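Visitor: Have a look at this one before I ask anything.
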Amino acid sequence: MVLRLVVWSILAFLLMPLVIIILFSFHATPSLSFPFAGFSLRWYAEVLGNAQLGSALVKSLTVAGFTALITLVLGAAASLAWLRLGQGGRALLEVLCLTPIALPGLFVGVSLLVLFAQASVQLSTVTIVISHVVLALPILIVAMRARLALFDPSLEEASRDLGASQMQTFGKVTLPLIAPTLIASAILAFAVSFDEFVVTSFVAGTETTLPMYIWSMMRRTVTPLINAISSLALVFSIVILFIAWLIGHLRRRSAVASRTVS
Amino acid sequence: MKAPRSGIGSLLAAPAVLYMVVFFVVPSLMLFVYSFWTAASYKIVPAFVFSNYLNSLMSPLFWTVTINAILIGLVTASITLVLAIPVGYYLVYVSRSQVILYLILITWFSSYLVRIYAWRTLLGTSGVLNTILLQAGIVDTPVGVFLFSRFAVAITLIHIYLPFCILLVVSSLSEIKKDLVDAARDLGASPLGAFFRVIAPNAANGLVGAFMLTFVMVAGDYVTPQMLGGSSGQTTGLLIADQFRKTGNWPLGAAQAFLMFLVSIAIYFAVMGLGRATGLVVKRRPAKKAGV
């Protein structure tokens, strides 16, 4: 049981800073140290009253929404392609997806900056979305790959043999089978975009996303306001993760249910 | 039958492939081309010179920050892997605990900047760690070296990349059947013995992969050293990033990015060589390769 102790100590190390941030977001004084002087919601009130912060949040939600949508469309097509491609096609997709994941954000960020500069594209919300899709699409395809390995192509063939058209097979057999994983992966893409900072800092121009706003605050001063923003961001991440988990959970339950029916 | 299927496949894959080519492959190539251009009074001039590479290689600053980045990378990636292995082992062989898995995912998805900020407040002179040490009477005056030191950078980077590394370790250990471990234990191996003599050799490639990915991420991270490293914290990443600000020398930054890339590849081969020399990494047998 030494192992269990080690594992929980490591988990404590991972969670402790987050717990402390949340704890001090409720601190009644600006001090960031013990003893704890009492609970207060003053920092949350200040966050809600901050208009700049609100517009940065809206910007981040917009960017993440578009990123998830574009990633979902491109990724869904690529996932369907995956089922039909030979070794060579799959290898090409893999190389294109695994390389950006294995590179630091800095490299991707400066490359895109060079592209936009060379093509005289004005840096804007659009360039942020384009860049975020470069990061999110590989993650979605890698996540889909694990699901598609379990996909039984004979289901599609059976549907065609029974007289369904290509479109019918797609709509009634293939898509329902891969949709839950696709949606969960798109939520992942949303989360990646919402938190992205390094690449954004190169391609954002004068736009300010939430992480960029937090960054400018962090550089200026240590203010307890950041604790409140951080706690809200953390709760938001947990909610996103929970939704993705719920979709996966429901999928597993429906899969089990359909198996018992047949 | 086979031909039309793969025809539709290519058509469906085309948008994603095209997207990655236009926005990933082309920009990477342009960055490479840029590294041979020159910058004169903030204007970038097409050329074919090696001066960006040569100037970087002959600059003491470049070497200082690169060695700093490599050291931070090697130390933190090693510690991260050492911490990730017991957690991965526990998740794969002892208990498929959903609670632990989701706690790890939550930390992975908690904001990058928030975690940097958290460690700044924890390690500051009026921060939580110093307050506890003062109250416990262990120190008389706040310890200043916690913040703005290599120690601060390392502990924060470990915290940021450990969840990612754990997931990589879990996926590489998942390929090794529990039966093998059980057999070793039945034959009298201690838990650690079973790990080093059964799991490690079989999972070596995956573990080296986890180490290298963590190394690349950590060595390329310039935000953490900038926020927590003080004057000792400058790394190649920060040097490169600064070149791409408005007044910087983009071609020089591009050359330095590719030099950093080469360094990572060199380290990969060094780690693999070290693994082979110590017998931990074995070349995969062809029979095994067919299954991969």
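Identifiers in the structure tokens: chain A, B, ... in order shown; residue index from 1 per chain; ligand index from 1 in order shown.
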Counting only C-alpha atoms, which residues of chain B sit at most 6 Å from some atom of chain A, and what is each one's closest atom pair with its distance in Å to one decimal, listed by chain and rising residue number, as CSV?
Guide:
```
residue,atom,partner,partner_atom,distance
B:Arg5,CA,A:Arg84,CA,5.8
B:Ser6,CA,A:Leu85,CA,5.3
B:Gly9,CA,A:Ala81,CA,4.1
B:Leu12,CA,A:Ala77,CA,5.1
B:Ala13,CA,A:Ala78,CA,4.5
B:Ala16,CA,A:Leu74,CA,5.2
B:Pro27,CA,A:Ser111,CA,4.8
B:Ser28,CA,A:Ser111,CA,5.4
B:Leu31,CA,A:Ser111,CA,5.5
B:Val87,CA,A:Val7,CA,5.3
B:Ser110,CA,A:Leu234,CA,5.4
B:Ser111,CA,A:Asp195,CA,5.8
B:Val114,CA,A:Ser230,CA,5.7
B:Ala118,CA,A:Pro17,CA,5.7
B:Gly127,CA,A:Ser33,CA,5.3
B:Val128,CA,A:Ser33,CA,5.0
B:Met217,CA,A:Pro104,CA,5.4
B:Gly220,CA,A:Pro104,CA,5.5
```
Visitor: Any idea what the distance is between CA of Tyr222 (chain B) and CA of Thr236 (chain B)?
Guide: 7.7 Å
Visitor: Using Å and a single decimal, report how far CA of Ala204 (chain B) sits from CA of Ala184 (chain B).
Guide: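 For CA of Ala184 (chain B) relative to CA of Ala204 (chain B), the distance reads 17.4 Å.
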Visitor: What is the distance, in Å and to one decimal place, between CA of Cys165 (chain B) and CA of Leu213 (chain B)?
Guide: 8.2 Å
Visitor: Find, counting only C-alpha atoms, the residue in A:Thr29, A:Gln168, A:Ser216, A:Thr181 that gets nearest to Met144 (chain A).
Guide: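 Nearest candidate to Met144 (chain A) out of A:Thr29, A:Gln168, A:Ser216, A:Thr181: A:Thr181.
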Visitor: For region 169-175 of chain A, list every protein, DNA or RNA residue within 9 Å, evaluated using only C-alpha atoms, and leave out those in the same chain fewer than 5 positions away; present the list as a compact mmCIF listing (two decimals) with N, CA and C atoms, in the first residue's frame.
Guide:
```txt
# COMPACT_ATOMS: atom_id res chain seq x y z
N ALA A 76 -15.11 15.25 -38.66
CA ALA A 76 -16.12 14.23 -38.97
C ALA A 76 -15.84 13.64 -40.35
N LEU A 80 -14.78 9.71 -41.18
CA LEU A 80 -15.44 8.84 -42.16
C LEU A 80 -14.44 8.36 -43.20
N LEU A 155 -20.92 -3.51 -40.61
CA LEU A 155 -22.22 -2.88 -40.36
C LEU A 155 -22.65 -2.03 -41.55
N GLU A 156 -21.67 -1.28 -42.11
CA GLU A 156 -21.96 -0.47 -43.30
C GLU A 156 -22.31 -1.36 -44.48
N GLU A 157 -21.54 -2.43 -44.64
CA GLU A 157 -21.80 -3.35 -45.76
C GLU A 157 -23.17 -3.99 -45.63
N SER A 159 -25.77 -2.77 -44.22
CA SER A 159 -26.77 -1.76 -44.55
C SER A 159 -26.91 -1.60 -46.07
N ARG A 160 -25.76 -1.59 -46.77
CA ARG A 160 -25.80 -1.47 -48.23
C ARG A 160 -26.45 -2.71 -48.85
N ALA A 164 -29.93 -0.06 -48.56
CA ALA A 164 -29.82 1.36 -48.20
C ALA A 164 -28.85 2.05 -49.16
```
